[in-house]
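Q: Pasting run00.csv below, which is CSV, C-alpha atoms.
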```
chain,number,residue,atom,x,y,z
A,22,MET,CA,70.5,24.0,65.5
A,23,LYS,CA,72.9,25.5,68.1
A,24,ARG,CA,75.7,25.3,65.6
A,25,VAL,CA,73.6,27.1,63.0
A,26,LEU,CA,72.7,29.9,65.4
A,27,SER,CA,76.3,30.3,66.4
A,28,VAL,CA,77.4,30.6,62.8
A,29,LEU,CA,74.7,33.2,62.1
A,30,PHE,CA,75.8,35.1,65.2
A,31,PHE,CA,79.4,35.0,64.0
A,32,LEU,CA,78.4,36.3,60.6
A,33,VAL,CA,76.3,39.1,61.9
A,34,VAL,CA,79.0,40.3,64.3
A,35,ASN,CA,81.7,40.1,61.6
A,36,CYS,CA,79.5,41.9,59.0
A,37,ILE,CA,79.1,44.8,61.5
A,38,GLY,CA,82.8,44.8,62.1
A,39,TYR,CA,83.9,44.7,58.4
A,40,SER,CA,81.2,46.3,56.4
A,41,LEU,CA,81.9,50.0,57.0
A,42,ASN,CA,84.6,50.4,54.4
A,43,PHE,CA,84.0,54.2,53.9
A,44,LYS,CA,82.5,57.1,55.9
A,45,LEU,CA,80.6,60.2,54.8
A,46,TYR,CA,80.6,63.8,55.9
A,47,PRO,CA,78.2,65.6,56.5
A,48,THR,CA,75.5,63.0,57.4
A,49,SER,CA,72.3,65.1,56.7
A,50,PHE,CA,71.1,68.2,54.8
A,51,ASN,CA,68.2,70.6,55.4
A,52,LEU,CA,67.7,72.8,52.4
A,53,ASP,CA,65.4,75.4,50.8
A,54,ILE,CA,63.3,73.8,48.0
A,55,ASN,CA,62.7,77.2,46.4
A,56,LYS,CA,66.4,78.0,45.9
A,57,THR,CA,69.0,76.3,43.6
A,58,SER,CA,71.8,75.0,45.8
A,59,VAL,CA,75.0,73.0,45.2
A,60,ASN,CA,76.0,70.8,48.1
A,61,GLU,CA,79.0,68.6,48.9
A,62,VAL,CA,79.5,65.2,50.5
A,63,THR,CA,83.0,64.0,51.3
A,64,ILE,CA,83.6,60.2,51.0
A,65,ILE,CA,86.6,58.7,52.9
A,66,ASN,CA,88.0,55.3,52.1
A,67,GLU,CA,88.6,53.6,55.5
A,68,THR,CA,90.4,50.6,54.0
A,69,LEU,CA,93.8,49.7,52.5
A,70,ASN,CA,92.1,48.7,49.2
A,71,PRO,CA,90.8,50.7,46.3
A,72,LEU,CA,87.0,51.1,46.3
A,73,ARG,CA,84.4,52.0,43.7
A,74,VAL,CA,81.2,53.7,44.9
A,75,THR,CA,77.9,54.6,43.1
A,76,ILE,CA,75.7,57.4,44.3
A,77,TYR,CA,71.9,57.7,43.7
A,78,PRO,CA,68.8,59.2,45.3
A,79,GLU,CA,66.1,57.0,47.0
A,80,LYS,CA,62.6,57.7,48.2
A,81,ASP,CA,62.1,57.9,52.0
A,82,ILE,CA,59.2,55.5,52.3
A,83,GLU,CA,58.7,56.2,56.0
A,84,PHE,CA,58.3,59.9,55.4
A,85,GLY,CA,56.0,59.5,52.3
A,86,GLU,CA,56.8,58.3,48.8
A,87,ASP,CA,54.8,61.1,47.1
A,88,TYR,CA,57.0,63.7,48.8
A,89,ASN,CA,60.4,62.7,47.5
A,90,LEU,CA,63.2,64.9,45.9
A,91,ASN,CA,64.5,62.3,43.4
A,92,ASN,CA,63.7,64.3,40.4
A,93,ASN,CA,65.1,67.5,42.0
A,94,ILE,CA,68.5,66.0,42.7
A,95,THR,CA,71.4,66.0,40.2
A,96,ILE,CA,74.6,64.1,41.3
A,97,VAL,CA,78.1,64.7,39.9
A,98,PRO,CA,79.8,62.3,39.6
A,99,LYS,CA,77.5,59.3,40.0
A,100,ASN,CA,80.3,56.8,40.2
A,101,ILE,CA,83.7,57.3,41.9
A,102,SER,CA,86.9,55.4,42.5
A,103,LEU,CA,88.7,55.9,45.8
A,104,LYS,CA,92.4,55.1,46.4
A,105,PRO,CA,93.3,53.3,49.7
A,106,GLY,CA,92.8,55.8,52.5
A,107,GLY,CA,91.8,58.4,50.0
A,108,SER,CA,88.8,60.8,49.9
A,109,GLN,CA,86.7,62.5,47.2
A,110,VAL,CA,84.0,65.1,47.1
A,111,VAL,CA,80.7,64.4,45.5
A,112,ARG,CA,78.4,67.3,44.6
A,113,PHE,CA,74.6,67.3,44.2
A,114,ARG,CA,72.4,70.1,43.1
A,115,ILE,CA,68.8,70.8,44.3
A,116,LYS,CA,66.7,72.6,41.7
A,117,PRO,CA,63.4,74.3,42.3
A,118,ASP,CA,60.2,72.7,41.1
A,119,ALA,CA,56.9,74.4,40.4
A,120,THR,CA,55.0,71.4,41.8
A,121,ARG,CA,57.0,71.4,45.1
A,122,LYS,CA,56.8,74.8,46.7
A,123,VAL,CA,54.8,74.2,49.9
A,124,GLY,CA,55.7,71.9,52.8
A,125,GLU,CA,58.6,69.5,53.4
A,126,PHE,CA,60.1,67.0,51.0
A,127,ARG,CA,62.7,64.3,51.6
A,128,SER,CA,64.9,61.7,49.9
A,129,TYR,CA,68.0,59.7,50.8
A,130,LEU,CA,71.3,60.1,49.1
A,131,THR,CA,72.6,56.5,48.9
A,132,PHE,CA,76.3,55.5,48.6
A,133,LYS,CA,76.9,51.9,47.7
A,134,GLU,CA,80.1,49.9,46.8
A,135,ILE,CA,80.3,48.5,43.3
A,136,LEU,CA,81.2,44.9,42.7
A,137,PRO,CA,83.6,43.2,42.3
A,138,GLU,CA,86.2,45.4,44.0
A,139,ILE,CA,85.0,44.8,47.5
A,140,LYS,CA,86.9,42.7,49.9
A,141,THR,CA,86.1,39.1,50.6
A,142,THR,CA,86.7,36.9,53.7
A,143,ALA,CA,87.4,33.2,53.4
A,144,THR,CA,85.8,31.0,56.1
A,145,THR,CA,86.0,27.3,56.8
A,146,ASN,CA,83.3,25.5,58.7
A,147,ALA,CA,83.5,22.4,60.8
A,148,ASP,CA,83.0,20.1,57.8
A,149,GLY,CA,86.1,21.5,56.0
A,150,LEU,CA,84.0,23.4,53.4
A,151,MET,CA,85.3,26.9,52.4
A,152,SER,CA,83.2,29.8,51.3
A,153,ASN,CA,83.9,33.4,50.5
A,154,ILE,CA,81.8,36.1,52.2
A,155,GLN,CA,81.6,39.5,50.5
A,156,PHE,CA,81.0,42.7,52.5
A,157,ILE,CA,79.3,45.6,50.8
A,158,THR,CA,79.1,49.0,52.4
A,159,GLU,CA,75.9,50.9,51.7
A,160,LEU,CA,75.2,54.2,53.5
A,161,SER,CA,72.3,56.6,53.1
A,162,ILE,CA,72.0,60.2,54.3
A,163,PRO,CA,68.7,62.1,54.6
A,164,VAL,CA,68.2,65.2,52.4
A,165,SER,CA,65.3,67.4,53.4
A,166,ALA,CA,64.1,70.5,51.6
A,167,SER,CA,61.3,72.8,52.8
A,168,GLY,CA,59.2,75.3,50.9
A,169,ASP,CA,56.7,77.9,52.0
A,170,SER,CA,53.9,77.8,54.5
A,171,LEU,CA,55.2,74.9,56.7
A,172,VAL,CA,52.3,73.6,58.8
A,173,VAL,CA,53.2,71.5,61.9
A,174,ASP,CA,49.9,70.0,63.2
A,175,GLY,CA,48.7,66.7,64.6
A,176,SER,CA,47.9,64.7,67.7
A,177,VAL,CA,49.7,62.4,70.2
A,178,LYS,CA,47.9,59.4,71.7
A,179,ASN,CA,48.7,56.1,73.5
A,180,VAL,CA,51.6,57.6,75.5
A,181,LYS,CA,53.2,54.9,77.6
A,182,LEU,CA,56.3,54.7,79.8
A,183,LYS,CA,57.4,51.2,80.6
A,184,TYR,CA,60.1,50.8,83.4
A,185,ASN,CA,62.2,47.7,83.5
A,186,GLY,CA,64.3,48.3,86.6
A,187,GLY,CA,66.9,50.6,85.1
A,188,ASN,CA,65.9,51.9,81.7
A,189,SER,CA,62.5,52.8,80.5
A,190,ILE,CA,60.8,52.8,77.1
A,191,LEU,CA,58.7,55.7,76.0
A,192,THR,CA,56.2,55.0,73.2
A,193,ALA,CA,53.6,57.2,71.5
A,194,THR,CA,51.2,57.2,68.5
A,195,LEU,CA,51.6,60.3,66.5
A,196,THR,CA,49.2,61.5,63.7
A,197,SER,CA,50.6,64.2,61.5
A,198,LYS,CA,48.0,66.4,59.8
A,199,GLY,CA,50.3,69.2,58.4
A,200,ASN,CA,52.6,69.3,55.5
A,201,THR,CA,55.9,68.6,57.3
A,202,ALA,CA,57.2,66.0,59.8
A,203,MET,CA,56.4,66.5,63.4
A,204,ARG,CA,59.5,66.2,65.6
A,205,LEU,CA,58.6,65.3,69.2
A,206,ASN,CA,60.8,66.1,72.2
A,207,TYR,CA,60.2,65.1,75.8
A,208,ASP,CA,60.9,66.6,79.3
A,209,LEU,CA,60.8,64.0,82.0
A,210,GLU,CA,61.2,64.5,85.8
A,211,VAL,CA,61.2,61.7,88.5
A,212,ILE,CA,59.4,63.6,91.3
A,213,GLY,CA,61.3,63.8,94.5
A,214,LYS,CA,64.4,62.0,93.1
A,215,ASN,CA,66.3,64.9,91.5
A,216,ILE,CA,66.3,63.0,88.1
A,217,LYS,CA,65.5,65.0,85.0
A,218,ARG,CA,65.8,63.9,81.3
A,219,THR,CA,65.2,65.6,78.0
A,220,GLY,CA,65.5,64.2,74.5
A,221,SER,CA,63.9,63.4,71.2
A,222,ILE,CA,61.2,60.8,70.8
A,223,GLY,CA,61.5,60.8,67.0
A,224,SER,CA,60.1,62.2,63.7
A,225,SER,CA,56.8,61.4,62.0
A,226,LYS,CA,55.8,60.9,58.5
A,227,ARG,CA,54.8,64.0,56.6
A,228,GLU,CA,51.2,62.9,57.0
A,229,GLY,CA,49.5,60.0,58.6
A,230,VAL,CA,50.2,57.8,61.6
A,231,SER,CA,53.6,57.0,63.0
A,232,GLU,CA,54.6,54.8,66.0
A,233,LEU,CA,57.5,56.3,67.9
A,234,LYS,CA,59.6,54.7,70.5
A,235,THR,CA,62.8,55.8,72.4
A,236,PRO,CA,64.7,54.4,75.4
A,237,ILE,CA,65.4,56.6,78.5
A,238,GLU,CA,68.0,55.7,81.1
A,239,LEU,CA,66.6,56.5,84.6
A,240,GLY,CA,68.4,54.4,87.1
A,241,LYS,CA,67.5,51.5,89.4
A,242,LYS,CA,65.0,51.1,92.3
A,243,LEU,CA,62.5,53.6,91.0
A,244,ASP,CA,59.4,51.3,90.9
A,245,GLY,CA,56.3,53.1,92.0
A,246,SER,CA,57.9,56.6,91.6
A,247,LYS,CA,55.9,59.4,90.1
A,248,VAL,CA,57.1,60.9,86.8
A,249,LYS,CA,56.1,64.2,85.2
A,250,LEU,CA,56.2,63.9,81.4
A,251,ILE,CA,55.8,66.7,78.9
A,252,ILE,CA,55.8,66.2,75.1
A,253,LYS,CA,56.3,69.1,72.7
A,254,ASP,CA,56.9,69.5,68.9
A,255,GLN,CA,59.7,71.4,67.3
A,256,ASN,CA,57.9,74.7,67.7
A,257,GLY,CA,57.4,74.2,71.4
A,258,LYS,CA,53.7,73.3,71.2
A,259,GLU,CA,52.6,71.0,74.0
A,260,TYR,CA,50.8,67.8,73.1
A,261,TYR,CA,51.1,65.9,76.4
A,262,ASN,CA,51.4,66.9,80.1
A,263,ASN,CA,50.7,64.2,82.7
A,264,THR,CA,52.0,62.5,85.8
A,265,LEU,CA,52.7,58.8,85.4
A,266,ILE,CA,53.7,55.9,87.8
A,267,LEU,CA,56.8,53.9,86.9
A,268,GLN,CA,56.0,50.3,86.7
```
Would you mind giving the structure from this file in structure tokens?
A:
Amino acid sequence: MKRVLSVLFFLVVNCIGYSLNFKLYPTSFNLDINKTSVNEVTIINETLNPLRVTIYPEKDIEFGEDYNLNNNITIVPKNISLKPGGSQVVRFRIKPDATRKVGEFRSYLTFKEILPEIKTTATTNADGLMSNIQFITELSIPVSASGDSLVVDGSVKNVKLKYNGGNSILTATLTSKGNTAMRLNYDLEVIGKNIKRTGSIGSSKREGVSELKTPIELGKKLDGSKVKLIIKDQNGKEYYNNTLILQ
């Protein structure tokens, strides 16, 4: 069993190390759904081998399947070939849609290597058996488009801050009731310790319940300290303001 776990760990580590054969720029888009726009993504081959990549839109299930942009996106070209170390620009067009004028909509633009021109690595196990492991790079970037009358509304419950002797984990249950994602930010101060932190907790679904979690580095020997925690949305509206005890 230990040998199996060791092999799995080896494969996971090596997949992380070898799988990113190309990179993308930029890594996100925020657009106007009521205006036609042509946008560019640059793909850079990070290997010494030629690569073929296919590009297609995907629904953002976490945001909400019914609020996707798949039918609004036109990609040119949909398949590309990259020379070793080379780069190419892919363009995609967002076109207005009479059924999508109010609120926020979101999809992913996915870039995936095409078989069989990806690299393989030969491995030999303790029994002398050889196998070929193939590594496929697949990257997705979020594409958001907003229309008229954006409504940011909802509630924040079950706020918890768990301290583990160095870092802390901030969790919250967010219910979105508007027509766009709520993006929560926090302001945290350890009272009497001159420690202040600010950051993002995360983004919600367009509507419904989302469980958010983020780590916060605070330092050691803070057990029992009082913490002032404030949570706001992207418009500055305050949803939580309380004093907690680190434990």
Q: Extract, using all atoms listed in the file, all DNA, RNA and protein residues at most 9 Å from Leu265 in chain A, discarding same-chain residues fewer than 6 positions from it, and format them as a list in words.
A: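 Once the nearby chain positions are removed, what remains is Lys181, Leu182, Ser246, Lys247, Val248, Lys249 and Leu250 of chain A.
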Q: Grab the CA of Ser167 in chain A to CA of Phe126 in chain A distance for me, in Å with one decimal place.
A: 6.2 Å
Q: Nearest residue to Lys44 in chain A out of A:Ala193, A:Leu90, A:Leu160, A:Val230, using only C-alpha atoms?
A: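 Comparing A:Ala193, A:Leu90, A:Leu160, A:Val230 against Lys44 in chain A, the winner is A:Leu160.
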Q: Measuring between all atoms listed in the file, which one of A:Arg204, A:Lys178, A:Lys242, A:Arg73 shows the shortest distance to Asp254 in chain A?
A: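 Nearest candidate to Asp254 in chain A out of A:Arg204, A:Lys178, A:Lys242, A:Arg73: A:Arg204.
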Q: Quick one: of A:Ser170, A:Asn179, A:Thr264, A:Thr158, who's nearest to Leu209 in chain A, counting all atoms listed in the file?
A: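 When distances to Leu209 in chain A are compared using all atoms listed in the file, the smallest one comes from A:Thr264.
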Q: Between A:Lys133, A:Arg121, A:Arg127, A:Lys56, which residue has the minimum interatomic distance to Ile76 in chain A, considering only C-alpha atoms?
A: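 The answer is A:Lys133, which sits nearest to Ile76 in chain A.
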Q: In terms of the shortest atom-to-atom distance over all atoms listed in the file, which of A:Asp174, A:Glu159, A:Asp169, A:Asp244 is closest to Asp53 in chain A?
A: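 Between A:Asp174, A:Glu159, A:Asp169, A:Asp244, the residue approaching Asp53 in chain A most closely is A:Asp169.
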Q: Fewer than 4 positions away in the same chain doesn't count, so skip those; otherwise give me all residues within 10 Å of Pro47 in chain A, counting only C-alpha atoms, as a list in words.
A: Glu61, Val62, Thr63, Ile64 and Ile162 of chain A
Q: Can you work out which one of A:Leu243, A:Asn206, A:Lys104, A:Gly229 has the shortest atom-to-atom distance to Glu259 in chain A, counting all atoms listed in the file?
A: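 Ranking A:Leu243, A:Asn206, A:Lys104, A:Gly229 by distance to Glu259 in chain A, first place goes to A:Asn206.
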Q: Work out how far apart CA of Thr75 in chain A and CA of Ser102 in chain A are and give it in Å to one decimal.
A: 9.1 Å
Q: Any idea what the distance is between CA of Ile157 in chain A and CA of Lys80 in chain A?
A: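 Interatomic distance here is 20.8 Å.
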Q: I'd like the neighbourhood of Ile65 in chain A as a PyMOL selection string, where a residue qualifies if any of its atoms comes within 12 Å (using all atoms listed in the file), though same-chain residues fewer than 6 positions away should be ignored.
A: chain A and resi 41-47+71-74+101-111+132
Q: So that I can see what lies close to Lys122 in chain A, please list as a ChimeraX atom specification the residues with an atom at most 7 Å from it, counting only C-alpha atoms and leaving out residues fewer than 3 positions away in the same chain.
A: /A:54-55,118-119,168-169
Q: Need the shell around Val173 in chain A: protein/DNA/RNA residues with any atom at most 10 Å away, counting all atoms listed in the file. Skip same-chain ones fewer than 3 positions apart. Format as a list of chain:residue names?
A: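 Everything that qualifies: A:Gly124, A:Ser170, A:Ser197, A:Lys198, A:Gly199, A:Asn200, A:Thr201, A:Ala202, A:Met203, A:Arg204, A:Arg227, A:Asp254, A:Gln255, A:Asn256, A:Lys258.
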Q: Quick one: write out the picked residues with C-alpha atoms as a PDB file, in the coordinates of the input?
A:
```pdb
ATOM      1  CA  GLY A 124      55.700  71.900  52.800  1.00  0.00           C
ATOM      2  CA  SER A 170      53.900  77.800  54.500  1.00  0.00           C
ATOM      3  CA  SER A 197      50.600  64.200  61.500  1.00  0.00           C
ATOM      4  CA  LYS A 198      48.000  66.400  59.800  1.00  0.00           C
ATOM      5  CA  GLY A 199      50.300  69.200  58.400  1.00  0.00           C
ATOM      6  CA  ASN A 200      52.600  69.300  55.500  1.00  0.00           C
ATOM      7  CA  THR A 201      55.900  68.600  57.300  1.00  0.00           C
ATOM      8  CA  ALA A 202      57.200  66.000  59.800  1.00  0.00           C
ATOM      9  CA  MET A 203      56.400  66.500  63.400  1.00  0.00           C
ATOM     10  CA  ARG A 204      59.500  66.200  65.600  1.00  0.00           C
ATOM     11  CA  ARG A 227      54.800  64.000  56.600  1.00  0.00           C
ATOM     12  CA  ASP A 254      56.900  69.500  68.900  1.00  0.00           C
ATOM     13  CA  GLN A 255      59.700  71.400  67.300  1.00  0.00           C
ATOM     14  CA  ASN A 256      57.900  74.700  67.700  1.00  0.00           C
ATOM     15  CA  LYS A 258      53.700  73.300  71.200  1.00  0.00           C
TER      16      LYS A 258
END
```
Q: Around (66.3, 63.9, 54.6) in the file's own coordinates, what residues are found within 6 Å if you use only C-alpha atoms, given back as a PyMOL selection string?
A: chain A and resi 127-129+163-165
Q: Around the point (60.6, 61.7, 69.9), in the coordinates given by the file, pick out the residues reaching within 12 Å, counting all atoms listed in the file, and return them as a VMD selection string.
A: chain A and resid 177 180 190 to 195 202 to 208 219 to 225 231 to 237 251 to 255 260
